[in-house]
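K.L.:
One file: structure-v5.cif (mmCIF, C-alpha atoms).
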```cif
data_protein
loop_
_atom_site.group_PDB
_atom_site.id
_atom_site.type_symbol
_atom_site.label_atom_id
_atom_site.label_comp_id
_atom_site.auth_asym_id
_atom_site.auth_seq_id
_atom_site.Cartn_x
_atom_site.Cartn_y
_atom_site.Cartn_z
ATOM 1 C CA MET A 1 0.128 -12.222 -3.890
ATOM 2 C CA ALA A 2 1.810 -9.940 -1.445
ATOM 3 C CA ILE A 3 1.304 -10.320 2.281
ATOM 4 C CA ARG A 4 -0.442 -6.930 2.449
ATOM 5 C CA TYR A 5 -3.426 -8.293 0.506
ATOM 6 C CA TYR A 6 -3.851 -11.074 3.045
ATOM 7 C CA LEU A 7 -3.665 -8.559 5.872
ATOM 8 C CA ILE A 8 -6.233 -6.333 4.172
ATOM 9 C CA CYS A 9 -8.615 -9.286 3.732
ATOM 10 C CA ILE A 10 -8.190 -10.401 7.344
ATOM 11 C CA THR A 11 -8.748 -6.842 8.586
ATOM 12 C CA LEU A 12 -11.862 -6.515 6.426
ATOM 13 C CA VAL A 13 -13.347 -9.789 7.690
ATOM 14 C CA VAL A 14 -12.633 -8.946 11.333
ATOM 15 C CA ALA A 15 -13.958 -5.381 11.014
ATOM 16 C CA LEU A 16 -17.180 -6.485 9.313
ATOM 17 C CA THR A 17 -17.621 -9.238 11.882
ATOM 18 C CA LEU A 18 -17.193 -6.821 14.772
ATOM 19 C CA VAL A 19 -19.654 -4.335 13.277
ATOM 20 C CA ILE A 20 -22.292 -6.982 12.609
ATOM 21 C CA SER A 21 -21.773 -8.509 16.054
ATOM 22 C CA TRP A 22 -22.136 -5.100 17.677
ATOM 23 C CA VAL A 23 -25.335 -4.319 15.732
ATOM 24 C CA ARG A 24 -26.863 -7.725 16.540
ATOM 25 C CA GLN A 25 -25.474 -7.509 20.091
ATOM 26 C CA THR A 26 -24.192 -11.053 20.121
ATOM 27 C CA ARG A 27 -22.864 -12.384 23.396
ATOM 28 C CA SER A 28 -21.619 -15.909 22.787
ATOM 29 C CA ARG A 29 -18.462 -17.014 21.059
ATOM 30 C CA LYS A 30 -20.422 -19.416 18.854
ATOM 31 C CA GLU A 31 -22.568 -16.604 17.421
ATOM 32 C CA PHE A 32 -19.434 -14.514 16.805
ATOM 33 C CA LEU A 33 -17.744 -17.352 14.917
ATOM 34 C CA MET A 34 -20.886 -18.011 12.865
ATOM 35 C CA ILE A 35 -20.979 -14.348 11.838
ATOM 36 C CA MET A 36 -17.270 -14.468 10.970
ATOM 37 C CA ALA A 37 -17.788 -17.566 8.815
ATOM 38 C CA THR A 38 -20.740 -15.938 7.062
ATOM 39 C CA VAL A 39 -18.743 -12.780 6.342
ATOM 40 C CA ALA A 40 -15.765 -14.756 5.030
ATOM 41 C CA LEU A 41 -17.927 -16.959 2.804
ATOM 42 C CA SER A 42 -19.811 -13.923 1.513
ATOM 43 C CA LEU A 43 -16.582 -12.194 0.537
ATOM 44 C CA VAL A 44 -15.291 -15.325 -1.192
ATOM 45 C CA GLY A 45 -18.625 -15.744 -2.982
ATOM 46 C CA GLY A 46 -18.576 -12.136 -4.142
ATOM 47 C CA PHE A 47 -15.042 -12.551 -5.441
ATOM 48 C CA VAL A 48 -15.988 -15.730 -7.318
ATOM 49 C CA LEU A 49 -18.998 -13.976 -8.871
ATOM 50 C CA LEU A 50 -16.800 -11.060 -9.940
ATOM 51 C CA ILE A 51 -14.312 -13.403 -11.608
ATOM 52 C CA ALA A 52 -17.151 -15.313 -13.290
ATOM 53 C CA LEU A 53 -18.643 -12.075 -14.621
ATOM 54 C CA SER A 54 -15.299 -10.968 -16.008
ATOM 55 C CA GLU A 55 -14.813 -14.335 -17.728
ATOM 56 C CA LEU A 56 -18.322 -14.092 -19.199
ATOM 57 C CA LEU A 57 -17.594 -10.624 -20.574
ATOM 58 C CA VAL A 58 -14.370 -11.917 -22.150
ATOM 59 C CA PHE A 59 -16.226 -14.905 -23.627
ATOM 60 C CA LEU A 60 -18.901 -12.636 -25.130
ATOM 61 C CA GLY A 61 -16.243 -10.368 -26.610
ATOM 62 C CA ILE A 62 -17.295 -7.333 -24.619
ATOM 63 C CA ALA A 63 -14.020 -7.068 -22.728
ATOM 64 C CA GLU A 64 -10.426 -7.984 -23.368
ATOM 65 C CA SER A 65 -8.716 -10.827 -21.567
ATOM 66 C CA GLY A 66 -6.929 -9.789 -18.385
ATOM 67 C CA PHE A 67 -8.897 -6.608 -17.764
ATOM 68 C CA LEU A 68 -9.635 -7.602 -14.158
#
```
Represent the structure of the file as C-alpha coordinates.
P.N.:
Amino acid sequence: MAIRYYLICITLVVALTLVISWVRQTRSRKEFLMIMATVALSLVGGFVLLIALSELLVFLGIAESGFL
(Lines of atoms letter the chains of each structure in order from A and count residues from 1; the text may use other names and numbers.)
(Lines give C-alpha, C1' and ligand atoms only; values in the text may rest on other atoms or scores of the structure.)
Protein backbone atom coordinates (compact mmCIF):
# COMPACT_ATOMS: atom_id res chain seq x y z
CA MET A 1 0.00 0.00 0.00
CA ALA A 2 1.10 3.51 -0.69
CA ILE A 3 2.11 5.85 2.11
CA ARG A 4 -0.87 8.12 1.37
CA TYR A 5 -3.30 5.45 2.60
CA TYR A 6 -1.48 5.29 5.92
CA LEU A 7 -1.58 9.06 6.20
CA ILE A 8 -5.30 9.10 5.40
CA CYS A 9 -5.98 6.48 8.09
CA ILE A 10 -3.90 8.33 10.68
CA THR A 11 -5.64 11.61 9.83
CA LEU A 12 -9.05 9.95 10.10
CA VAL A 13 -8.28 8.41 13.50
CA VAL A 14 -6.89 11.67 14.88
CA ALA A 15 -9.77 13.77 13.51
CA LEU A 16 -12.43 11.42 14.89
CA THR A 17 -10.63 11.30 18.22
CA LEU A 18 -10.47 15.08 18.45
CA VAL A 19 -14.15 15.46 17.58
CA ILE A 20 -15.27 12.85 20.10
CA SER A 21 -12.97 14.31 22.76
CA TRP A 22 -14.35 17.78 22.12
CA VAL A 23 -17.97 16.58 22.32
CA ARG A 24 -17.33 14.62 25.54
CA GLN A 25 -15.12 17.46 26.82
CA THR A 26 -12.38 15.17 28.03
CA ARG A 27 -9.58 16.74 30.02
CA SER A 28 -7.09 14.00 30.85
CA ARG A 29 -4.57 12.36 28.59
CA LYS A 30 -5.75 8.91 29.65
CA GLU A 31 -9.32 9.59 28.46
CA PHE A 32 -7.96 10.95 25.16
CA LEU A 33 -5.86 7.83 24.57
CA MET A 34 -8.79 5.56 25.45
CA ILE A 35 -10.95 7.35 22.88
CA MET A 36 -8.16 7.07 20.30
CA ALA A 37 -7.83 3.33 20.94
CA THR A 38 -11.59 2.87 20.66
CA VAL A 39 -11.70 4.77 17.36
CA ALA A 40 -8.77 2.81 15.93
CA LEU A 41 -10.23 -0.55 16.98
CA SER A 42 -13.63 0.42 15.61
CA LEU A 43 -12.15 1.28 12.23
CA VAL A 44 -10.19 -1.97 12.13
CA GLY A 45 -13.30 -3.91 13.14
CA GLY A 46 -15.36 -2.24 10.44
CA PHE A 47 -12.71 -3.05 7.85
CA VAL A 48 -12.60 -6.69 8.96
CA LEU A 49 -16.40 -6.93 8.76
CA LEU A 50 -16.35 -5.42 5.27
CA ILE A 51 -13.77 -7.95 4.09
CA ALA A 52 -15.73 -10.79 5.71
CA LEU A 53 -18.93 -9.67 3.98
CA SER A 54 -17.19 -9.52 0.62
CA GLU A 55 -15.76 -13.02 1.10
CA LEU A 56 -19.23 -14.29 2.06
CA LEU A 57 -20.74 -12.79 -1.08
CA VAL A 58 -18.02 -14.45 -3.19
CA PHE A 59 -18.61 -17.78 -1.42
CA LEU A 60 -22.36 -17.58 -2.06
CA GLY A 61 -21.77 -16.76 -5.72
CA ILE A 62 -23.41 -13.36 -5.54
CA ALA A 63 -20.24 -11.46 -6.38
CA GLU A 64 -17.09 -12.15 -8.32
CA SER A 65 -13.74 -12.64 -6.64
CA GLY A 66 -11.72 -9.45 -6.26
CA PHE A 67 -14.63 -7.03 -6.48
CA LEU A 68 -13.56 -5.23 -3.29
K.L.:
Could you give me, as a list of chain:residue names, the residues within 12 Å of Ala15 (chain A), counting all atoms listed in the file and dropping anything in the same chain fewer than 6 positions from it?
P.N.:
A:Leu7, A:Ile8, A:Cys9, A:Ser21, A:Trp22, A:Ile35, A:Met36, A:Val39, A:Ala40
K.L.:
Can you work out the spacing between CA of Thr38 (chain A) and CA of Glu55 (chain A) in Å, to one decimal?
P.N.:
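Between these atoms lies a distance of 25.5 Å.
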K.L.:
Which is closer to Leu33 (chain A) than all the others in A:Val13, A:Ala2, A:Ile51, A:Ile62, using all atoms listed in the file?
P.N.:
A:Val13
K.L.:
Enclose region 44-56 of chain A, meaning all of its atoms listed in the file, in a box aligned along x, y and z, pad it by 6 Å on each side, and list the centre and edge lengths in Å to one decimal, as lines of an AutoDock Vina configuration file.
P.N.:
```
center_x = -16.7
center_y = -13.4
center_z = -10.2
size_x = 16.7
size_y = 16.8
size_z = 30.0
```
K.L.:
Going by the chain IDs and residue numbers used in this file, which residues fall under the PyMOL selection byres ((chain A and resi 43) around 12)? Write them as a list of chain:residue names.
P.N.:
A:Cys9, A:Ile10, A:Leu12, A:Val13, A:Val14, A:Leu16, A:Thr17, A:Met36, A:Ala37, A:Thr38, A:Val39, A:Ala40, A:Leu41, A:Ser42, A:Val44, A:Gly45, A:Gly46, A:Phe47, A:Val48, A:Leu49, A:Leu50
K.L.:
By how many Å are CA of Ser65 (chain A) and CA of Tyr5 (chain A) apart?
P.N.:
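Result for CA of Ser65 (chain A) versus CA of Tyr5 (chain A): 22.8 Å, one decimal.
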K.L.:
Given the choices A:Val19, A:Met34, A:Gly66, A:Thr11, which gets closest to Ser54 (chain A) if the distance is worked out from all atoms listed in the file?
P.N.:
A:Gly66
K.L.:
Just to confirm, what's the straight-line distance from CA of Leu53 (chain A) to CA of Arg4 (chain A) in Å (one decimal)?
P.N.:
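That distance, rounded to one decimal, is 25.5 Å.
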